[in-house]
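Comments concern the structure below.
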Amino acid sequence: MGAAPASRDVTSYGMGLAAPLALFFLLFFVAPLLQLLWLSLHNDTAGLHWGLGQYLHFLTDPFSLGVLGSTLLLGAEVTAVCLVLGFPIAWLYQRVGPKLQTIIILIVLLPLLTSVVVRTFAWIVILGRQGIINATLQSLGVIDTPLKLLYTQFGVVIALAQVQMPLMTLPLITALGRIDPNFDDASCSLGAGSWRTFFRIVLPLSLPGVIAGCTLTYAAAITAFITQSLIGGGQMLFMPMYLYQQASTLQNWPFASAISIIFLLAVLAVVSVFTTLGRMSRGYGGA
Amino acid sequence: MMMNRRSLLTTALTLGAMKAFPGLSYAQARPLVFATFTGSWEEAHKAVLVPAFRKANADAAIVLDPMLSVDQIAKVNAAKANPPIDVMLHDPGPALLAIGQDLVEPYPVEKSTYYKDLIAEAQEPMGPAPFFQVVGLTYNPEAVKTPPTSWADLWKPEFKGRVGITNLNSTLGTGWLVEIAKMRGGSEANVDPGFKALEELKPNLAAVAANPGALATLFQQGQIDISPGNFNAIQILKARGVPVEFVAPKEGAIAFKTTIHIVKNSPNRELAFKLIEAALTPEVQTTLMNPPYLIVPTNSKVTMGGEIARVLARDTAELKKKFVFQDWKKINEQRSAWIERFNREIKI
């Protein structure tokens with residue numbers, strides 16, 4: 001057993017401890033990803049002829065581009081709903097006593113403790129023709145015939161927003177907690193109203209949390225295969241279902257690979273926009 | 001023996017890994033793996049087929065690994081030389097895919113005791129059909145007072161916004177579209193009339209489900225009152241108290257041969273054959289025909305009874321008359337184009 005050298009620099013860290021995870025990552029994520037890329041560069045399903053045919057097919061096909069567009073839009077809608085609904089909760093969390101804080105954190109975390117499938121089925125019961133919303137509206141006499149909520153874009157957005165809400169609220173709670181409450185008081189004593197304080201002080205300082213929350217929610221919303229297909233149904237096609245159809249039902253792996261690579265790049269583009277905004281916000285917050 | 005921290009850690013990790021992935025150490029001699037379908041098929045096979053097989057084969061080890069047909073193909077394809085599955089179960093479309101990709105062995109017909117007793121449609125040399133799946137009309141008897149009799153009833157104005165269908169990802173969805181096309185003068189090679197009929201069905205469509213299983217949820221939630229549906233799926237809903245009924249339309253109920261295959265390069269070829277033999281016996285097929293399973297038998301020696309005799313057919317002769325078999329070789333040729341067309345055209 002060799003002793004550690006006495007002159008070891010205590011401020012530097014060896015990469016050795018990260019090696020197992022790095023190796024795992026390399027083996028089970030990077031390698032399959034490269035295989036995917038390799039497969040997507042073939043024109044035939046057997047993977048014998050090299051070419052960019054799959055990419056050309058996708059990028060010149062208005063229908064496929066439409067699916068990509070509607071998926072990215074869906075993510076934006078879900079993220080917006082989560083942000084608008086999640087921010088007040090996070091804000092409230094920082095301003096209530098410890099008992100209420102526990103209750104809020106429990107409510108925020110509760111969805112994470114049940115499976116996505118269960119949560120999604122609950123939404124089927126809520127949104128259905130004889131579901132809670134329609135039954136309530138009918139008994140109040142607001143509507144005569146049940147509204148169509150299930151299998152609509154509206155239904156998918158609402159269900160996804162609830163399912164992914166913790167991913168937005170948790171980073172926001174952390175970010176808001178880091179803001180020194182004295183800033184609020186200083187702003188007020190200098191004559192700013194509460195809205196002005198919110199927009200000039202709280203919001204800019206919480207931007208890192210907003211960006212982190214948006215990135216997580218967005219990525220989770222657009223890839224949520226189960227919720228999308230159970231609430232959206234068979235005729236609302238988003239990228240995950242499109243991918244599954246090509247890979248599984250049609251066994252067209254090269255096209256499915258090309259779809260995944262394009263989807264991955266599109267998501268990376270959106271995420272890098274978020275990160276750029278985050279970098280800019282740091283400058284803004286520090287100013 | 002020197003025992004340092006590193007070797008202790010290595011040993012601990014190895015032991016841990018062997019505990020976590022028991023397959024690691026026993027990769028060579030594995031039990032027979034039967035990839036059945038998920039849900040009611042798995043229950044039926046676990047309760048009836050597996051005990052029958054084990055009884056006849058000195059308690060041979062067998063593992064059920066339920067998954068969709070297409071996933072079975074993907075798994076075997078990924079390891080052709082050393083497949084993780086010995087026996088595959090397939091709907092007609094995927095069966096032809098598997099045969100086309102050279103993933104299955106021909107069934108040793110001359111060795112088989114029961115193959116010759118199967119009705120002609122079930123005798124497939126690349127893998128016989130141990131049972132049929134039947135698709136007909138499903139409706140909610142509380143909302144639909146006059147039972148439907150024909151596929152054409154789905155277009156009736158009284159069902160405005162009450163009809164459910166599935167997309168073409170499933171065998172049910174594709175088979176149904178072909179049947180609709182046939183009703184309007186089309187065929188397996190020409191489904192244009194089917195797509196035109198779908199266009200006219202749009203005012204009545206309440207939902208296009210992503211898979212046949214989702215149709216069940218839609219019935220339970222009162223989202224739809226009538227749809228094409230799988231006989232067995234309906235029996236499960238009925239048993240749970242959901243108000244649904246099944247009728248075979250007068251054009252004939254669509255019958256899918258569900259075939260069972262020995263995987264090429266399987267290390268358990270002999271046991272795989274024995275399992276399939278067990279699935280073809282009149283005893284197993286009779287038990288599976290009775291409640292709660294109600295699986296349509298293919299062995300002509302089985303006497304039809306119960307719900308199947310009441311709703312579908314009393315004997316093999318009537319079964320042949322009332323069932324419609326489709327040419328899936330033709331269907332597979334154009335299926336991807338149809339799926340693409342369905343994606344584009346069916347928006348409600």
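How things are named: the first chain in the structure tokens is A, the next is B, and so on; residues count from 1 in each chain; ligands count from 1 in the order shown.
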| task | Pull out every residue of chain A sitting within 6 Å of chain B, counting only C-alpha atoms, and send them as a PyMOL selection string. | result | chain A and resi 128-129+233-235+248-249
| message | Which residues are close to range 38-48 of chain A, i.e. within 12 Å by only C-alpha atoms, leaving aside same-chain residues fewer than 4 positions away? Reply as a list in words. | response |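 The contact residues come out as Ala31, Pro32, Leu33, Leu34, Leu52, Gly53, Gln54, Tyr55, Leu56, His57, Phe58, Gln246, Ala247, Leu250, Gln251, Asn252, Trp253, Pro254, Phe255, Ala256, Ser257, Ala258, Ile259, Ser260, Ile261 and Ile262 of chain A; Asn77 and Gln101 of chain B.
With distances restricted to only C-alpha atoms, A:Ala212 is the closest residue to Thr275 in chain A from A:Ala221, A:Ala212, A:Met241, A:Leu74.
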| task | Would you list the contacts of Ile179 in chain A as an MDAnalysis selection string, taking every protein, DNA or RNA residue within 8 Å and counting only C-alpha atoms, but skipping same-chain residues closer than 6 positions in sequence? | result | chainID A and resid 202 205:206
Taking N, CA and C atoms for each residue, export the selection above as a short mmCIF file (atom, residue, chain, number, x, y, z; two decimals), in the first residue's frame.
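And here is the file that came out, selection35.cif:
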data_model
loop_
_atom_site.label_atom_id
_atom_site.label_comp_id
_atom_site.auth_asym_id
_atom_site.auth_seq_id
_atom_site.Cartn_x
_atom_site.Cartn_y
_atom_site.Cartn_z
N VAL A 202 -35.51 41.58 -8.25
CA VAL A 202 -35.73 40.15 -8.03
C VAL A 202 -35.59 39.35 -9.32
N LEU A 205 -32.00 39.09 -10.73
CA LEU A 205 -31.12 38.27 -9.89
C LEU A 205 -31.51 36.80 -9.93
N SER A 206 -32.79 36.51 -10.25
CA SER A 206 -33.21 35.11 -10.26
C SER A 206 -33.00 34.48 -11.64
#
| Quick one: distance from CA of Thr215 in chain A to CA of Leu277 in chain A in Å, one decimal? | 11.1 Å
| field | Within 6 Å of Phe34 in chain B using only C-alpha atoms, minus same-chain residues under 6 positions, as an MDAnalysis selection string | value | chainID B and resid 64:65 87
| Just asking: which residues within range 34-228 of chain B are alpha helix (DSSP H) according to DSSP, as number ranges by chain? | B: 40-44, 50-56, 69-78, 92-100, 171-183, 192-201, 212-220
| query | Could you name the residues that touch Pro106 in chain B at 7 Å or less, counting only C-alpha atoms, but leaving out those on the same chain fewer than 3 positions away, as number ranges by chain? | reply | B: 125-127
| message | Just want the 12 Å neighbourhood of Glu158 in chain B, counted on only C-alpha atoms, with same-chain residues fewer than 6 positions away dropped. Output as a PyMOL selection string. | response | chain B and resi 143-146+148+203-205+225-226
Could you save those same residues with C-alpha atoms as a short mmCIF file (atom, residue, chain, number, x, y, z; two decimals), in the first residue's frame?
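The result, stored in out_34.cif:
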data_model
loop_
_atom_site.label_atom_id
_atom_site.label_comp_id
_atom_site.auth_asym_id
_atom_site.auth_seq_id
_atom_site.Cartn_x
_atom_site.Cartn_y
_atom_site.Cartn_z
CA ALA B 143 -75.11 4.49 -25.47
CA VAL B 144 -75.69 2.41 -28.61
CA LYS B 145 -79.16 0.82 -28.32
CA THR B 146 -79.24 -0.99 -31.68
CA PRO B 148 -74.14 -2.38 -35.10
CA PRO B 203 -66.95 14.21 -38.57
CA ASN B 204 -67.65 11.05 -36.58
CA LEU B 205 -64.12 10.61 -35.23
CA ASP B 225 -68.99 4.76 -27.95
CA ILE B 226 -67.97 2.63 -30.91
#
Could you name the residues that touch Pro141 in chain B at 8 Å or less, counting only C-alpha atoms, but leaving out those on the same chain fewer than 4 positions away, as a compact mmCIF listing (two decimals) with C-alpha atoms, in the first residue's frame?
# COMPACT_ATOMS: atom_id res chain seq x y z
CA LYS B 145 -79.16 0.82 -28.32
CA PRO B 147 -76.18 -3.21 -31.99
CA PRO B 243 -70.09 -1.62 -20.50
CA VAL B 244 -68.72 -2.89 -23.83
CA GLU B 245 -69.93 -5.50 -26.30
| field | Members of range 106-244 of chain B assigned strand (DSSP E) by DSSP, as an NGL selection string | value | :B and (131-139 or 163-166 or 205-209 or 226-230)
Please write the residues from the selection above to a file, keeping N, CA and C atoms, as a PDB file, in the first residue's frame.
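The new file part21.pdb reads:
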ATOM      1  N   PHE B 131     -52.945 -19.556 -32.076  1.00  0.00           N
ATOM      2  CA  PHE B 131     -54.273 -18.968 -31.878  1.00  0.00           C
ATOM      3  C   PHE B 131     -54.481 -17.804 -32.837  1.00  0.00           C
ATOM      4  N   PHE B 132     -55.737 -17.369 -32.927  1.00  0.00           N
ATOM      5  CA  PHE B 132     -56.075 -16.226 -33.767  1.00  0.00           C
ATOM      6  C   PHE B 132     -56.414 -15.038 -32.892  1.00  0.00           C
ATOM      7  N   GLN B 133     -56.159 -13.852 -33.427  1.00  0.00           N
ATOM      8  CA  GLN B 133     -56.729 -12.653 -32.814  1.00  0.00           C
ATOM      9  C   GLN B 133     -57.820 -12.171 -33.757  1.00  0.00           C
ATOM     10  N   VAL B 134     -58.922 -11.733 -33.174  1.00  0.00           N
ATOM     11  CA  VAL B 134     -60.076 -11.390 -33.996  1.00  0.00           C
ATOM     12  C   VAL B 134     -60.465  -9.936 -33.761  1.00  0.00           C
ATOM     13  N   VAL B 135     -60.659  -9.209 -34.858  1.00  0.00           N
ATOM     14  CA  VAL B 135     -61.055  -7.808 -34.759  1.00  0.00           C
ATOM     15  C   VAL B 135     -62.452  -7.628 -35.323  1.00  0.00           C
ATOM     16  N   GLY B 136     -63.310  -7.020 -34.540  1.00  0.00           N
ATOM     17  CA  GLY B 136     -64.668  -6.735 -34.977  1.00  0.00           C
ATOM     18  C   GLY B 136     -65.080  -5.379 -34.462  1.00  0.00           C
ATOM     19  N   LEU B 137     -66.397  -5.177 -34.320  1.00  0.00           N
ATOM     20  CA  LEU B 137     -66.897  -3.895 -33.826  1.00  0.00           C
ATOM     21  C   LEU B 137     -67.099  -3.971 -32.321  1.00  0.00           C
ATOM     22  N   THR B 138     -66.654  -2.933 -31.636  1.00  0.00           N
ATOM     23  CA  THR B 138     -66.846  -2.824 -30.206  1.00  0.00           C
ATOM     24  C   THR B 138     -67.760  -1.637 -29.954  1.00  0.00           C
ATOM     25  N   TYR B 139     -68.727  -1.790 -29.062  1.00  0.00           N
ATOM     26  CA  TYR B 139     -69.580  -0.636 -28.782  1.00  0.00           C
ATOM     27  C   TYR B 139     -70.012  -0.633 -27.326  1.00  0.00           C
ATOM     28  N   VAL B 163     -66.862   8.052 -32.567  1.00  0.00           N
ATOM     29  CA  VAL B 163     -66.115   6.896 -33.081  1.00  0.00           C
ATOM     30  C   VAL B 163     -64.633   7.013 -32.717  1.00  0.00           C
ATOM     31  N   GLY B 164     -64.057   5.905 -32.303  1.00  0.00           N
ATOM     32  CA  GLY B 164     -62.616   5.874 -32.044  1.00  0.00           C
ATOM     33  C   GLY B 164     -61.926   4.912 -32.992  1.00  0.00           C
ATOM     34  N   ILE B 165     -60.727   5.246 -33.459  1.00  0.00           N
ATOM     35  CA  ILE B 165     -59.917   4.308 -34.245  1.00  0.00           C
ATOM     36  C   ILE B 165     -58.486   4.366 -33.712  1.00  0.00           C
ATOM     37  N   THR B 166     -57.603   3.513 -34.227  1.00  0.00           N
ATOM     38  CA  THR B 166     -56.194   3.648 -33.848  1.00  0.00           C
ATOM     39  C   THR B 166     -55.409   3.978 -35.103  1.00  0.00           C
ATOM     40  N   LEU B 205     -65.280  11.017 -36.031  1.00  0.00           N
ATOM     41  CA  LEU B 205     -64.123  10.613 -35.230  1.00  0.00           C
ATOM     42  C   LEU B 205     -64.009  11.440 -33.951  1.00  0.00           C
ATOM     43  N   ALA B 206     -63.963  10.759 -32.835  1.00  0.00           N
ATOM     44  CA  ALA B 206     -63.733  11.440 -31.564  1.00  0.00           C
ATOM     45  C   ALA B 206     -62.261  11.346 -31.184  1.00  0.00           C
ATOM     46  N   ALA B 207     -61.608  10.265 -31.613  1.00  0.00           N
ATOM     47  CA  ALA B 207     -60.230  10.066 -31.182  1.00  0.00           C
ATOM     48  C   ALA B 207     -59.506   9.107 -32.113  1.00  0.00           C
ATOM     49  N   VAL B 208     -58.241   9.388 -32.362  1.00  0.00           N
ATOM     50  CA  VAL B 208     -57.351   8.432 -33.017  1.00  0.00           C
ATOM     51  C   VAL B 208     -56.341   8.018 -31.955  1.00  0.00           C
ATOM     52  N   ALA B 209     -56.492   6.805 -31.427  1.00  0.00           N
ATOM     53  CA  ALA B 209     -55.633   6.374 -30.327  1.00  0.00           C
ATOM     54  C   ALA B 209     -54.250   6.009 -30.852  1.00  0.00           C
ATOM     55  N   ILE B 226     -68.080   3.713 -29.946  1.00  0.00           N
ATOM     56  CA  ILE B 226     -67.965   2.626 -30.913  1.00  0.00           C
ATOM     57  C   ILE B 226     -66.601   2.692 -31.596  1.00  0.00           C
ATOM     58  N   SER B 227     -66.042   1.509 -31.866  1.00  0.00           N
ATOM     59  CA  SER B 227     -64.720   1.480 -32.507  1.00  0.00           C
ATOM     60  C   SER B 227     -64.431   0.077 -33.011  1.00  0.00           C
ATOM     61  N   PRO B 228     -63.485  -0.059 -33.939  1.00  0.00           N
ATOM     62  CA  PRO B 228     -63.001  -1.401 -34.226  1.00  0.00           C
ATOM     63  C   PRO B 228     -62.212  -1.866 -33.013  1.00  0.00           C
ATOM     64  N   GLY B 229     -62.343  -3.152 -32.656  1.00  0.00           N
ATOM     65  CA  GLY B 229     -61.649  -3.575 -31.441  1.00  0.00           C
ATOM     66  C   GLY B 229     -61.286  -5.050 -31.457  1.00  0.00           C
ATOM     67  N   ASN B 230     -60.309  -5.385 -30.628  1.00  0.00           N
ATOM     68  CA  ASN B 230     -59.808  -6.742 -30.505  1.00  0.00           C
ATOM     69  C   ASN B 230     -60.701  -7.529 -29.543  1.00  0.00           C
TER      70      ASN B 230
END
